[in-house]
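A short write-up of the structure that comes next.
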Amino acid sequence: MIQLTTAATLENAINKARTVKPLVRIAKFGSYTVTNKATGATYAVTCIKREGKRFAHCTCKAGERGQACYHAAAAVGAHIVLAAERAALNF
Ligand SMILES: [Zn+2]
């Protein structure tokens, strides 16, 4: 689990995501698959909120060790947009 506190937590991972530009697919709200289009490697990222704290989990090796990876960064980016849309639509 990667605890998401400040933007700095994911800064390096966000920069890598901007370079790699992985494909993020939405399985459902909070569950995403992230694919490196160059290698085809696909990982599952889950975004959860527990006791007011936000976490992301990725199934890649770095993610399993609790390190911020670019898969999580890419999925969190999509999750933030979805969450904002849901809030705007009052779901
Ligand atoms: Zn990952």
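Ordering of the structure tokens sets the chain letters (A, B, ...); residue numbers start at 1 within each chain; ligands are numbered from 1 in the order shown.
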Would you mind listing what lies within 10 Å of Leu10 (chain A) as JSON, numbers by chain, with only C-alpha atoms counted and same-chain residues fewer than 2 positions away left out?
-> {"A": [2, 3, 4, 5, 6, 7, 8, 12, 13, 14, 15, 16, 67, 68, 69, 70, 72, 73, 74, 76]}
Keeping N, CA and C atoms for every residue in the selection just given, could you write it to a file as a compact mmCIF listing (two decimals), in the first residue's frame?
# COMPACT_ATOMS: atom_id res chain seq x y z
N ILE A 2 0.51 2.18 -0.84
CA ILE A 2 1.20 3.46 -0.89
C ILE A 2 0.25 4.48 -0.27
N GLN A 3 0.65 5.08 0.84
CA GLN A 3 -0.24 6.10 1.40
C GLN A 3 -0.04 7.40 0.65
N LEU A 4 -1.16 7.99 0.25
CA LEU A 4 -1.11 9.22 -0.53
C LEU A 4 -1.32 10.38 0.43
N THR A 5 -0.25 11.10 0.68
CA THR A 5 -0.35 12.22 1.60
C THR A 5 -0.28 13.53 0.82
N THR A 6 0.92 13.88 0.37
CA THR A 6 1.05 15.10 -0.42
C THR A 6 1.39 14.72 -1.86
N ALA A 7 1.31 15.70 -2.74
CA ALA A 7 1.63 15.47 -4.15
C ALA A 7 3.07 14.99 -4.29
N ALA A 8 3.94 15.40 -3.35
CA ALA A 8 5.35 15.02 -3.41
C ALA A 8 5.55 13.51 -3.31
N ASN A 12 7.90 11.71 -8.34
CA ASN A 12 8.76 10.98 -9.28
C ASN A 12 7.95 10.02 -10.15
N ALA A 13 6.98 9.37 -9.51
CA ALA A 13 6.14 8.42 -10.23
C ALA A 13 5.29 9.14 -11.28
N ILE A 14 4.81 10.34 -10.94
CA ILE A 14 4.02 11.12 -11.90
C ILE A 14 4.89 11.50 -13.10
N ASN A 15 6.12 11.91 -12.81
CA ASN A 15 7.03 12.27 -13.92
C ASN A 15 7.27 11.07 -14.83
N LYS A 16 7.44 9.89 -14.22
CA LYS A 16 7.65 8.70 -15.04
C LYS A 16 6.40 8.38 -15.87
N GLN A 67 6.17 0.95 -2.66
CA GLN A 67 6.83 2.09 -3.30
C GLN A 67 5.89 2.71 -4.32
N ALA A 68 5.96 4.02 -4.42
CA ALA A 68 5.12 4.73 -5.39
C ALA A 68 5.62 4.40 -6.79
N CYS A 69 4.78 3.79 -7.60
CA CYS A 69 5.17 3.44 -8.96
C CYS A 69 4.36 4.28 -9.95
N TYR A 70 4.78 4.29 -11.20
CA TYR A 70 4.08 5.14 -12.16
C TYR A 70 2.69 4.59 -12.51
N ALA A 72 0.58 3.39 -10.28
CA ALA A 72 -0.28 3.99 -9.25
C ALA A 72 -0.49 5.47 -9.55
N ALA A 73 0.57 6.16 -9.96
CA ALA A 73 0.45 7.59 -10.26
C ALA A 73 -0.55 7.82 -11.38
N ALA A 74 -0.48 7.01 -12.44
CA ALA A 74 -1.39 7.16 -13.57
C ALA A 74 -2.83 6.86 -13.15
N VAL A 76 -4.10 6.97 -10.08
CA VAL A 76 -4.56 8.00 -9.13
C VAL A 76 -5.01 9.24 -9.90
What are the nearest atom pairs, with distances in Å to one decimal, for all residues of chain A that come at most 9 Å from ligand 1, using only C-alpha atoms and all ligand atoms, set out by chain and rising residue number as CSV?
residue,atom,partner,partner_atom_place_in_ligand_line,distance
A:Val34,CA,ligand 1,1 (Zn),8.2
A:Thr42,CA,ligand 1,1 (Zn),8.9
A:Tyr43,CA,ligand 1,1 (Zn),6.4
A:Ala44,CA,ligand 1,1 (Zn),7.8
A:Val45,CA,ligand 1,1 (Zn),7.3
A:His57,CA,ligand 1,1 (Zn),7.8
A:Cys58,CA,ligand 1,1 (Zn),4.6
A:Thr59,CA,ligand 1,1 (Zn),5.9
A:Cys60,CA,ligand 1,1 (Zn),4.3
A:Lys61,CA,ligand 1,1 (Zn),6.8
A:Ala62,CA,ligand 1,1 (Zn),6.0
A:Gly63,CA,ligand 1,1 (Zn),4.8
A:Glu64,CA,ligand 1,1 (Zn),7.9
A:Gln67,CA,ligand 1,1 (Zn),8.3
A:Ala68,CA,ligand 1,1 (Zn),7.4
A:Cys69,CA,ligand 1,1 (Zn),4.6
A:Tyr70,CA,ligand 1,1 (Zn),6.0
A:His71,CA,ligand 1,1 (Zn),4.3
A:Ala72,CA,ligand 1,1 (Zn),5.6
A:Ala73,CA,ligand 1,1 (Zn),8.4
For Phe29 (chain A), work out the shell of residues within 9 Å, counting only C-alpha atoms and skipping chain neighbours fewer than 4 positions away, then give it as a count of residues only.
-> 4
Of A:Ala41, A:Thr35, A:Lys21, A:Gly30, the one sitting nearest Phe55 (chain A) when using only C-alpha atoms is A:Gly30
Name the residues of chain A that come out as strand (DSSP E or B) in a backbone DSSP run; write them as number ranges by chain.
-> A: 2-4, 23-28, 31-35, 42-50, 53-58
Apply DSSP to the structure's backbone, then extract all residues of chain A labelled helix (DSSP H, G or I) and return them as a PyMOL selection string.
-> chain A and resi 7-20+61-64+70-89
Just to be explicit: take each residue in the selection above, keep N, CA, C and O atoms, and write the result as a short mmCIF file (atom, residue, chain, number, x, y, z; two decimals), in the first residue's frame.
data_model
loop_
_atom_site.label_atom_id
_atom_site.label_comp_id
_atom_site.auth_asym_id
_atom_site.auth_seq_id
_atom_site.Cartn_x
_atom_site.Cartn_y
_atom_site.Cartn_z
N ALA A 7 1.31 15.70 -2.74
CA ALA A 7 1.63 15.47 -4.15
C ALA A 7 3.07 14.99 -4.29
O ALA A 7 3.40 14.23 -5.21
N ALA A 8 3.94 15.40 -3.35
CA ALA A 8 5.35 15.02 -3.41
C ALA A 8 5.55 13.51 -3.31
O ALA A 8 6.52 12.97 -3.86
N THR A 9 4.61 12.83 -2.63
CA THR A 9 4.69 11.37 -2.49
C THR A 9 4.81 10.70 -3.86
O THR A 9 5.53 9.73 -4.03
N LEU A 10 4.07 11.24 -4.81
CA LEU A 10 3.99 10.61 -6.12
C LEU A 10 4.78 11.37 -7.19
O LEU A 10 4.71 11.02 -8.36
N GLU A 11 5.51 12.39 -6.78
CA GLU A 11 6.12 13.28 -7.78
C GLU A 11 6.97 12.55 -8.81
O GLU A 11 6.78 12.71 -10.03
N ASN A 12 7.90 11.71 -8.34
CA ASN A 12 8.76 10.98 -9.28
C ASN A 12 7.95 10.02 -10.15
O ASN A 12 8.20 9.89 -11.34
N ALA A 13 6.98 9.37 -9.51
CA ALA A 13 6.14 8.42 -10.23
C ALA A 13 5.29 9.14 -11.28
O ALA A 13 5.08 8.63 -12.39
N ILE A 14 4.81 10.34 -10.94
CA ILE A 14 4.02 11.12 -11.90
C ILE A 14 4.89 11.50 -13.10
O ILE A 14 4.46 11.39 -14.25
N ASN A 15 6.12 11.91 -12.81
CA ASN A 15 7.03 12.27 -13.92
C ASN A 15 7.27 11.07 -14.83
O ASN A 15 7.29 11.21 -16.05
N LYS A 16 7.44 9.89 -14.22
CA LYS A 16 7.65 8.70 -15.04
C LYS A 16 6.40 8.38 -15.87
O LYS A 16 6.49 8.01 -17.03
N ALA A 17 5.23 8.53 -15.23
CA ALA A 17 3.97 8.27 -15.95
C ALA A 17 3.83 9.20 -17.15
O ALA A 17 3.35 8.81 -18.20
N ARG A 18 4.28 10.45 -16.97
CA ARG A 18 4.20 11.41 -18.08
C ARG A 18 5.09 10.99 -19.24
O ARG A 18 4.79 11.26 -20.40
N THR A 19 6.20 10.33 -18.93
CA THR A 19 7.12 9.87 -19.97
C THR A 19 6.60 8.60 -20.63
O THR A 19 6.58 8.48 -21.85
N VAL A 20 6.18 7.64 -19.80
CA VAL A 20 5.76 6.32 -20.30
C VAL A 20 4.36 6.39 -20.96
O VAL A 20 4.09 5.66 -21.91
N LYS A 61 5.99 -5.15 -8.80
CA LYS A 61 6.96 -5.44 -7.73
C LYS A 61 7.16 -4.25 -6.80
O LYS A 61 7.18 -4.39 -5.58
N ALA A 62 7.32 -3.05 -7.39
CA ALA A 62 7.53 -1.85 -6.56
C ALA A 62 6.29 -1.59 -5.71
O ALA A 62 6.40 -1.31 -4.51
N GLY A 63 5.13 -1.71 -6.34
CA GLY A 63 3.87 -1.47 -5.62
C GLY A 63 3.67 -2.43 -4.47
O GLY A 63 3.21 -2.06 -3.40
N GLU A 64 4.03 -3.70 -4.70
CA GLU A 64 3.90 -4.71 -3.64
C GLU A 64 4.79 -4.37 -2.44
O GLU A 64 4.51 -4.75 -1.32
N TYR A 70 4.78 4.29 -11.20
CA TYR A 70 4.08 5.14 -12.16
C TYR A 70 2.69 4.59 -12.51
O TYR A 70 1.83 5.35 -12.94
N HIS A 71 2.49 3.28 -12.29
CA HIS A 71 1.14 2.72 -12.52
C HIS A 71 0.16 3.36 -11.54
O HIS A 71 -0.93 3.77 -11.93
N ALA A 72 0.58 3.39 -10.28
CA ALA A 72 -0.28 3.99 -9.25
C ALA A 72 -0.49 5.47 -9.55
O ALA A 72 -1.61 5.97 -9.45
N ALA A 73 0.57 6.16 -9.96
CA ALA A 73 0.45 7.59 -10.26
C ALA A 73 -0.55 7.82 -11.38
O ALA A 73 -1.40 8.72 -11.29
N ALA A 74 -0.48 7.01 -12.44
CA ALA A 74 -1.39 7.16 -13.57
C ALA A 74 -2.83 6.86 -13.15
O ALA A 74 -3.76 7.59 -13.51
N ALA A 75 -3.01 5.79 -12.37
CA ALA A 75 -4.36 5.42 -11.93
C ALA A 75 -4.94 6.45 -10.98
O ALA A 75 -6.11 6.80 -11.06
N VAL A 76 -4.10 6.97 -10.08
CA VAL A 76 -4.56 8.00 -9.13
C VAL A 76 -5.01 9.24 -9.90
O VAL A 76 -6.03 9.85 -9.57
N GLY A 77 -4.29 9.58 -10.97
CA GLY A 77 -4.68 10.72 -11.81
C GLY A 77 -6.08 10.53 -12.37
O GLY A 77 -6.92 11.44 -12.32
N ALA A 78 -6.35 9.32 -12.90
CA ALA A 78 -7.67 9.02 -13.45
C ALA A 78 -8.72 9.00 -12.33
O ALA A 78 -9.84 9.49 -12.51
N HIS A 79 -8.34 8.45 -11.18
CA HIS A 79 -9.26 8.33 -10.05
C HIS A 79 -9.70 9.70 -9.55
O HIS A 79 -10.87 9.91 -9.24
N ILE A 80 -8.76 10.64 -9.50
CA ILE A 80 -9.07 12.00 -9.03
C ILE A 80 -10.10 12.66 -9.96
O ILE A 80 -11.05 13.29 -9.51
N VAL A 81 -9.92 12.45 -11.27
CA VAL A 81 -10.86 13.02 -12.25
C VAL A 81 -12.25 12.39 -12.06
O VAL A 81 -13.26 13.09 -12.00
N LEU A 82 -12.28 11.06 -11.92
CA LEU A 82 -13.56 10.36 -11.73
C LEU A 82 -14.25 10.80 -10.44
O LEU A 82 -15.46 11.02 -10.42
N ALA A 83 -13.45 10.91 -9.38
CA ALA A 83 -14.02 11.29 -8.08
C ALA A 83 -14.60 12.69 -8.16
O ALA A 83 -15.69 12.96 -7.62
N ALA A 84 -13.92 13.60 -8.88
CA ALA A 84 -14.41 14.97 -9.03
C ALA A 84 -15.72 14.98 -9.83
O ALA A 84 -16.65 15.70 -9.51
N GLU A 85 -15.78 14.12 -10.87
CA GLU A 85 -17.01 14.05 -11.67
C GLU A 85 -18.16 13.52 -10.84
O GLU A 85 -19.28 14.02 -10.91
N ARG A 86 -17.87 12.48 -10.06
CA ARG A 86 -18.92 11.91 -9.21
C ARG A 86 -19.42 12.96 -8.22
O ARG A 86 -20.64 13.07 -7.98
N ALA A 87 -18.50 13.72 -7.65
CA ALA A 87 -18.87 14.74 -6.67
C ALA A 87 -19.70 15.82 -7.35
O ALA A 87 -20.73 16.27 -6.81
N ALA A 88 -19.32 16.19 -8.57
CA ALA A 88 -20.04 17.22 -9.31
C ALA A 88 -21.46 16.76 -9.66
O ALA A 88 -22.40 17.55 -9.67
N LEU A 89 -21.59 15.46 -9.92
CA LEU A 89 -22.90 14.90 -10.29
C LEU A 89 -23.71 14.50 -9.07
O LEU A 89 -24.83 14.04 -9.18
#
Point out the residue among A:Ala56, A:Glu51, A:Thr46, A:Thr39 with the least atom-to-atom distance to Arg25 (chain A), counting only C-alpha atoms.
->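 Going through A:Ala56, A:Glu51, A:Thr46, A:Thr39 one by one, the smallest distance to Arg25 (chain A) is for A:Thr46.
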